[in-house]
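Undergrad: Take this structure, written in structure tokens, and hold onto it; I'll ask about it next.
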Amino acid sequence: MKPEVIKVACSNCNLRELCMPMGLSENDLERLDDLVATRRKIKKGTTLFSNGEKFTSLYAIRTGFFKTCLASEDGRDQVTGFQMAGEIIGLDGIVNDQHSCDAIALEDAEVCVMPFDRIEEISREVTALQHHVHKIMSREIVREHGVMLLLGSMRAEERLAAFLLNLVQRLHSRGFSQSELVLRMTREEIGSYLGLKLETVSRTFSKFVDDGIVEVKQRHVRILNAEALQQMVNAQPQCH
């Protein structure tokens, strides 16, 4: 079945500030409208792109939530990241012209398809876009580096605290609550991402509840004491 495609104008998009560079002239904005080829709807549980697939486009997430993952040696999925509305997905494909992971929708989602050759072409004329693409790539590298540090040295409680703080901060920058979130991913997926067993994730959530740090109702999490979470993360010995 052909994916549903709709022509969309970036200049009218309510995610424009998150997705596109600020301070562009009307003329530049019109050029950016040429950037988005189509919109695609992705059903929950289906794949946007797969490991080994030829890289052609970056995707701006308009609505919904994704996970990126790799099949490990034993055939299980290793979650490598979670992406939400206003974030760009598909950067993994730039290096070798093919995607190095699977991107799967955790809920019904919609993405703007931005062919990479068109991004490169327009970037040559709109330098603000070139700078913006570099900034996005840099942010991803920094985030991945942060995850590696997290997995390398933190105890289970510190990992989960850092994960919740990161998630709520990213949601807050999109206009959502600073203290409440709905987890689109399962406890198992969180464990895979943080390098923890499912039981450890559940036990750590329970400990946070007992300590009055969070309230949990199924996938709804309310942070009651963000400072306590921050202190756990800050208790980390700094790398030199």
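A note on labels: chains of the structure tokens are A, B, ... as shown, every chain counts residues from 1, and ligands are counted from 1 in their shown order.
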For range 66-78 of chain A, work out the shell of residues within 9 Å, counting only C-alpha atoms and skipping chain neighbours fewer than 2 positions away, then give it as a list in words.

TA: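 Here the answer would be Leu48, Asn51, Ile61, Gly64, Thr80, Gly81, Phe82, Gln83, Met84, Ile89, Ser100, Cys101, Asp102, Ala103, Ile104, Ala105, Leu106, Glu107, Ala109, Arg184, Met185, Glu189, Ser192, Tyr193 and Gly195 of chain A.
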
Undergrad: Which of range 47-237 of chain A end up as alpha helix (DSSP H) when DSSP is run on this backbone - answer as a ChimeraX atom specification?

TA: /A:116-125,127-153,156-172,187-194,198-210,226-234

Undergrad: Any idea what's packed within 10 Å of Val216 in chain A, counting only C-alpha atoms, ignoring anything in its chain fewer than 4 positions away? Could you give it as a PyMOL selection string?

TA: chain A and resi 180-182+205-206+208-209+220-223

Undergrad: Kindly assemble as JSON lines a list of the range 142-198 of chain A residues that lie within 12 Å of range 228-234 of chain A, each paired with its nearest atom pair and their distance in Å to one decimal, using only C-alpha atoms, sorted first by chain and then by ascending residue number.

TA:
{"residue": "A:Gly146", "atom": "CA", "partner": "A:Val233", "partner_atom": "CA", "distance": 11.9}
{"residue": "A:Leu149", "atom": "CA", "partner": "A:Val233", "partner_atom": "CA", "distance": 11.6}
{"residue": "A:Leu150", "atom": "CA", "partner": "A:Val233", "partner_atom": "CA", "distance": 9.3}
{"residue": "A:Ser153", "atom": "CA", "partner": "A:Val233", "partner_atom": "CA", "distance": 10.9}
{"residue": "A:Met154", "atom": "CA", "partner": "A:Val233", "partner_atom": "CA", "distance": 8.3}
{"residue": "A:Arg155", "atom": "CA", "partner": "A:Met232", "partner_atom": "CA", "distance": 9.6}
{"residue": "A:Ala156", "atom": "CA", "partner": "A:Met232", "partner_atom": "CA", "distance": 10.5}
{"residue": "A:Glu157", "atom": "CA", "partner": "A:Met232", "partner_atom": "CA", "distance": 7.5}
{"residue": "A:Glu158", "atom": "CA", "partner": "A:Val233", "partner_atom": "CA", "distance": 5.4}
{"residue": "A:Arg159", "atom": "CA", "partner": "A:Val233", "partner_atom": "CA", "distance": 7.7}
{"residue": "A:Leu160", "atom": "CA", "partner": "A:Leu229", "partner_atom": "CA", "distance": 8.8}
{"residue": "A:Ala161", "atom": "CA", "partner": "A:Leu229", "partner_atom": "CA", "distance": 5.1}
{"residue": "A:Ala162", "atom": "CA", "partner": "A:Val233", "partner_atom": "CA", "distance": 6.0}
{"residue": "A:Phe163", "atom": "CA", "partner": "A:Val233", "partner_atom": "CA", "distance": 9.8}
{"residue": "A:Leu164", "atom": "CA", "partner": "A:Leu229", "partner_atom": "CA", "distance": 8.4}
{"residue": "A:Leu165", "atom": "CA", "partner": "A:Leu229", "partner_atom": "CA", "distance": 7.4}
{"residue": "A:Asn166", "atom": "CA", "partner": "A:Gln230", "partner_atom": "CA", "distance": 10.4}
{"residue": "A:Val168", "atom": "CA", "partner": "A:Leu229", "partner_atom": "CA", "distance": 11.8}
{"residue": "A:Gln169", "atom": "CA", "partner": "A:Gln230", "partner_atom": "CA", "distance": 12.0}
{"residue": "A:Ser179", "atom": "CA", "partner": "A:Leu229", "partner_atom": "CA", "distance": 11.9}

Undergrad: Rounded to one decimal place, report the CA of Leu198 in chain A-CA of Val147 in chain A distance in Å.

TA: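 That distance, rounded to one decimal, is 18.3 Å.
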
Undergrad: Find the distance between CA of Lys135 in chain A and CA of Asn27 in chain A and write it in Å to one decimal.

TA: 22.1 Å

Undergrad: Give me every strand (DSSP E or B) residue in range 34-159 of chain A, going by DSSP on the backbone, as a PyMOL selection string.

TA: chain A and resi 38-42+47-49+54+57-63+65-71+77-84+88-89+98+102-105+109-115

Undergrad: Counting only C-alpha atoms, figure out which residue out of A:Gln178, A:Arg203, A:Glu227, A:Ser57 gets nearest to Asp117 in chain A.

TA: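 Of all the options, A:Ser57 lies closest to Asp117 in chain A.
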
Undergrad: State, in Å with one decimal place, the distance from CA of Glu188 in chain A to CA of Arg219 in chain A.

TA: 12.5 Å

Undergrad: Name the residues in contact with Leu58 in chain A at a cut-off of 8 Å, using only C-alpha atoms, excluding same-chain residues fewer than 5 positions from it; report them as a PDB file with N, CA and C atoms, in the first residue's frame.

TA:
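Contents of out_9.pdb, freshly written:
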ATOM      1  N   ILE A  88      14.323  15.427  14.616  1.00  0.00           N
ATOM      2  CA  ILE A  88      14.669  14.907  13.293  1.00  0.00           C
ATOM      3  C   ILE A  88      15.201  13.488  13.461  1.00  0.00           C
ATOM      4  N   ILE A  89      14.766  12.596  12.603  1.00  0.00           N
ATOM      5  CA  ILE A  89      15.175  11.196  12.693  1.00  0.00           C
ATOM      6  C   ILE A  89      15.743  10.762  11.335  1.00  0.00           C
ATOM      7  N   GLY A  90      16.728   9.874  11.366  1.00  0.00           N
ATOM      8  CA  GLY A  90      17.311   9.376  10.117  1.00  0.00           C
ATOM      9  C   GLY A  90      18.753   9.798   9.907  1.00  0.00           C
ATOM     10  N   LEU A  91      19.304  10.565  10.859  1.00  0.00           N
ATOM     11  CA  LEU A  91      20.682  11.054  10.725  1.00  0.00           C
ATOM     12  C   LEU A  91      21.702   9.915  10.669  1.00  0.00           C
ATOM     13  N   VAL A 113       8.819  14.205   5.149  1.00  0.00           N
ATOM     14  CA  VAL A 113       9.936  13.558   4.450  1.00  0.00           C
ATOM     15  C   VAL A 113      10.771  14.645   3.766  1.00  0.00           C
ATOM     16  N   MET A 114      12.071  14.700   4.131  1.00  0.00           N
ATOM     17  CA  MET A 114      12.959  15.720   3.566  1.00  0.00           C
ATOM     18  C   MET A 114      14.110  15.036   2.832  1.00  0.00           C
ATOM     19  N   PRO A 115      14.019  14.908   1.504  1.00  0.00           N
ATOM     20  CA  PRO A 115      15.088  14.249   0.746  1.00  0.00           C
ATOM     21  C   PRO A 115      16.436  14.925   1.005  1.00  0.00           C
ATOM     22  N   PHE A 116      17.451  14.116   1.314  1.00  0.00           N
ATOM     23  CA  PHE A 116      18.725  14.684   1.755  1.00  0.00           C
ATOM     24  C   PHE A 116      19.435  15.449   0.641  1.00  0.00           C
TER      25      PHE A 116
END

Undergrad: Using only C-alpha atoms, which of A:Gly45, A:Thr200, A:Leu35, A:His145 sits nearest Val126 in chain A?

TA: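 The closest residue to Val126 in chain A is A:Leu35.
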
Undergrad: Would you pick out the contacts of Cys10 in chain A at 8 Å or less, using only C-alpha atoms, so that residues sharing its chain but fewer than 3 positions from it are not included, and give the list as a ChimeraX atom specification?

TA: /A:13,16,29,32-33,36

Undergrad: Which residues come within 10 Å of Asn96 in chain A, counting only C-alpha atoms, excluding same-chain residues fewer than 3 positions away, as an MDAnalysis selection string?

TA: chainID A and resid 52 54:55 92:93 99:100

Undergrad: Generate the output file for the selected residues, N, CA and C atoms, as a CSV table (one decimal), in the first residue's frame.

TA:
chain,number,residue,atom,x,y,z
A,52,GLY,N,20.1,-1.1,7.2
A,52,GLY,CA,20.6,-1.6,5.9
A,52,GLY,C,19.9,-1.0,4.7
A,54,LYS,N,18.6,1.8,2.0
A,54,LYS,CA,19.3,2.9,1.4
A,54,LYS,C,18.8,4.2,2.1
A,55,PHE,N,19.8,5.1,2.4
A,55,PHE,CA,19.5,6.4,3.0
A,55,PHE,C,19.1,7.4,1.9
A,92,ASP,N,21.3,8.8,11.2
A,92,ASP,CA,22.2,7.6,11.2
A,92,ASP,C,22.6,7.2,9.8
A,93,GLY,N,21.8,7.6,8.8
A,93,GLY,CA,22.1,7.1,7.4
A,93,GLY,C,23.1,7.9,6.7
A,99,HIS,N,20.9,3.2,6.3
A,99,HIS,CA,20.5,3.3,7.7
A,99,HIS,C,21.1,2.2,8.6
A,100,SER,N,21.5,2.6,9.8
A,100,SER,CA,22.2,1.6,10.6
A,100,SER,C,21.3,1.1,11.8
